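Trainee: Pasting a structure below so you can have a look.
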Amino acid sequence: MDQTIVFGTLLLVLGLFAWGGIRHDFVALIALFILIITGIIKPAAAFIGFGHPAVITVAAVLIIGKALELSGLIDLLGKWVMKVGNNLVLQILTLSVLAGVASAFMNNVGALAIMMPVAIHMGRNSGNPPSYILMPVAFASLLGGMTTLIGTPPNIIIATFRGDELGEPFGMFDFSPVGVVLALAGIAFITLIGWRLLPKRKAQKSDKEKFDIDDYIAEVEVTKDAEARGKTIGELRKESEADVQILGLIRSKKRIHAPEKDEVLLNKDIIILEADADALKKFLKETGSKLVGDKKFRKDAEGSENIAITEAIVMADSQLNGRTAADLQMRSRYGINLLAVARREQQIRRRLDHVIFRPGDVLLLQGREHVLNDTITAMGCLPLAERGLRIGYQTKIPLSLGIFITSIVLVVTGLLPVQVSFAIAAVAMVLSGVLPVKDFYNSIDWPVIILLGAMIPVGTALETSGGAESIASIVLGLAVTFPPWAILALILVITMFLSDVINNAATVVLMAPIAISVASGLGFSIDPFLMAVAVGGSCAFLTPIGHQSNTLVMGPGGYKFTDYWRMGLPLEVIIVAVGIPVILFVWPL
């Protein structure tokens, strides 16, 4: 009965993960609560996963990665990359190598987020389609993550499983012999062949050109006889049935950006609004206002030179996800206007206040130039404009590197366990002034921490209920027909498939006990089987939902769901073909 409940819960979880309607962390909590209520997990052990070394290590690595980013180190490298030139193969190689190396020591998504603006800027400058560049960089960030213990949460989790089983976890660079070979093979394929399999989407030169936004912005004057005169902007929005977005106001030749809803409209005010031809005609009729001629008042008005337009992408942990601009009161809260939303190949301009934001959406935003990037970051989005090097931080590069390298040395020499060493390093980054205090907690990807803390007891339940052994016995039945390397390949392929549809951390939590049971049943070392699970957990190349990095490039690259198969499927075949011999050579059965 225990196994039946565990398997039923896991099937429900896999279905919810694949559906994507409920966030991964809440799905993990649902699974945990079901197993607690049914008595499979004791209440006293319900939240033991949150104190697990893997969870602490993941949180510490995220903090350290943010500190390295803010130190200016990655910006310095990004500035150097801009000098590569217009050769597409060289651009992809340089960006992929840099993303891979950065991902080995910081969060995959963080490394990609730093490289994306550079990649987009390079593509636009050279006329190369972003669709050729962005997916290779995203995949390279996943490949780089598998090369070290701290490169990706699956490696950290696998290391702790080995520690629980053999008394000694995998070390900092135990993943490197296999991971580096696979990363090099993967990046070579991506650079030489992979990008050629991707669709060619037209490269755009600028935000305005991309969205043709000027075609939708009009200027309307409030006349003395207009019904709009004397009304507030809030009243106008409520009373008008026309689908328009009020972006700003010009009064006495001075521009008021993102005016408040209680702003009263006066005679000769000029309203800057966004609307198509039909909506504009309806608005003019309803309000009695008149359309301004060819002169662009918004460009001449005092203060207009400080108003900028930029693109930003909605990150997976953004507060915008699942909400609308109306919900968030973007104009009054953040002082910015939402001009357009691009989702995959669609460009949405109408009913913007009611568009429900999703991870990977590209937003075209208008705001005051000096605060626009900070505002975008505060919303949990990534500005896609090229960022200048943070000059003031350059002196902190040696300090941040010193703290980081010291923490690695403490782990490699065995003086401190990884979770302790990296937790100390995370605190040291704050105390030394490299990382502002406010970013200490903000840099942690809390949904991943919750997911890990909830799924670890669920994975333990799979093992203690005998569920992992039952699945292992089915796999062991194949060992009569197939050689050991084929069984190892099967474990790797199953893990890859699961990581393409559910979170990679959840995948390895479920697959590790099964891999250990299979290895034990065959009388082999558990190391090659755990290594196969670690590799499979990092190789989510077939779908945009398998990893946040894949989701992030979907909008800016204009990718469809099926585009990921074009490069992802041959890449996964290469990983299996190269990975199995390398794993067996480095970690013999």
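Letters A, B, ... go to the chains of the structure tokens in the order shown; residues in each chain start at 1; ligands are counted from 1 in the same order.
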Write out as a list in words the residues lying within 7 Å of stretch 443-449 of chain A, counting only C-alpha atoms and excluding same-chain residues fewer than 5 positions away.

Mentor: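 Result of the neighbour search: Asp25, Val55, Ala59, Leu62, Ile63 and Lys66 of chain A.
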
Trainee: Any idea what the distance is between atom CA of A:Ile37 and atom CA of A:Glu463?

Mentor: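 A separation of 18.2 Å between them.
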
Trainee: Any idea what's packed within 9 Å of A:Leu10, counting only C-alpha atoms, ignoring anything in its chain fewer than 5 positions away? Could you give it as number ranges by chain?

Mentor: A: 5, 15, 31, 458, 462

Trainee: Pull N, CA and C atoms from the residues just selected and write them as a PDB file, in the first residue's frame.

Mentor:
ATOM      1  N   ILE A   5       0.734   4.295  -2.819  1.00  0.00           N
ATOM      2  CA  ILE A   5       0.528   5.721  -2.515  1.00  0.00           C
ATOM      3  C   ILE A   5       1.676   6.565  -3.067  1.00  0.00           C
ATOM      4  N   GLY A  15       2.667  14.616 -13.732  1.00  0.00           N
ATOM      5  CA  GLY A  15       1.623  15.225 -14.559  1.00  0.00           C
ATOM      6  C   GLY A  15       1.531  16.724 -14.339  1.00  0.00           C
ATOM      7  N   ALA A  31       3.089  17.229  -3.122  1.00  0.00           N
ATOM      8  CA  ALA A  31       3.559  15.841  -2.974  1.00  0.00           C
ATOM      9  C   ALA A  31       3.962  15.556  -1.530  1.00  0.00           C
ATOM     10  N   VAL A 458      10.421  13.391  -0.222  1.00  0.00           N
ATOM     11  CA  VAL A 458       9.645  12.579  -1.175  1.00  0.00           C
ATOM     12  C   VAL A 458      10.555  11.528  -1.807  1.00  0.00           C
ATOM     13  N   LEU A 462      10.365   7.368  -1.593  1.00  0.00           N
ATOM     14  CA  LEU A 462      10.453   6.435  -2.727  1.00  0.00           C
ATOM     15  C   LEU A 462      11.394   5.281  -2.390  1.00  0.00           C
TER      16      LEU A 462
END

Trainee: For A:Asn442, which residue among A:Ile491, A:Ala512, A:Leu280, A:Ala378 is the nearest when counting only C-alpha atoms?

Mentor: A:Ala378

Trainee: For atom CA of A:Lys261 and atom CA of A:Leu320, quote the distance in Å rounded to one decimal.

Mentor: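 We find that atom CA of A:Lys261 and atom CA of A:Leu320 lie 21.1 Å from each other.
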
Trainee: Could you tell me how far atom CA of A:Ile158 sits from atom CA of A:Gly466, in Å to one decimal place?

Mentor: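 These two atoms are separated by 19.8 Å.
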
Trainee: Please provide the set of residues having any atom within 7 Å of A:Ala99, restricted to only C-alpha atoms, with same-chain residues fewer than 5 positions apart removed, written as a list in words.

Mentor: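 Counting only the stated atoms, we get Ala111, Leu112, Met115, Val137, Ala140 and Ser141 of chain A.
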
Trainee: From the options A:Ile157, A:Arg566, A:Gly186, A:Ala325, which residue's atoms come nearest to A:Ala506, counting only C-alpha atoms?

Mentor: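 The closest residue to A:Ala506 is A:Ile157.
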
Trainee: Pick the closest to A:Gly459 from A:Met82, A:Val418, A:Leu498, A:Ile514: which is it, counting only C-alpha atoms?

Mentor: A:Ile514

Trainee: Enumerate the residues of stretch 357-515 of chain A with a DSSP assignment of strand (DSSP E), computed from the backbone, and present them as a ChimeraX atom specification.

Mentor: /A:362-368,381-383
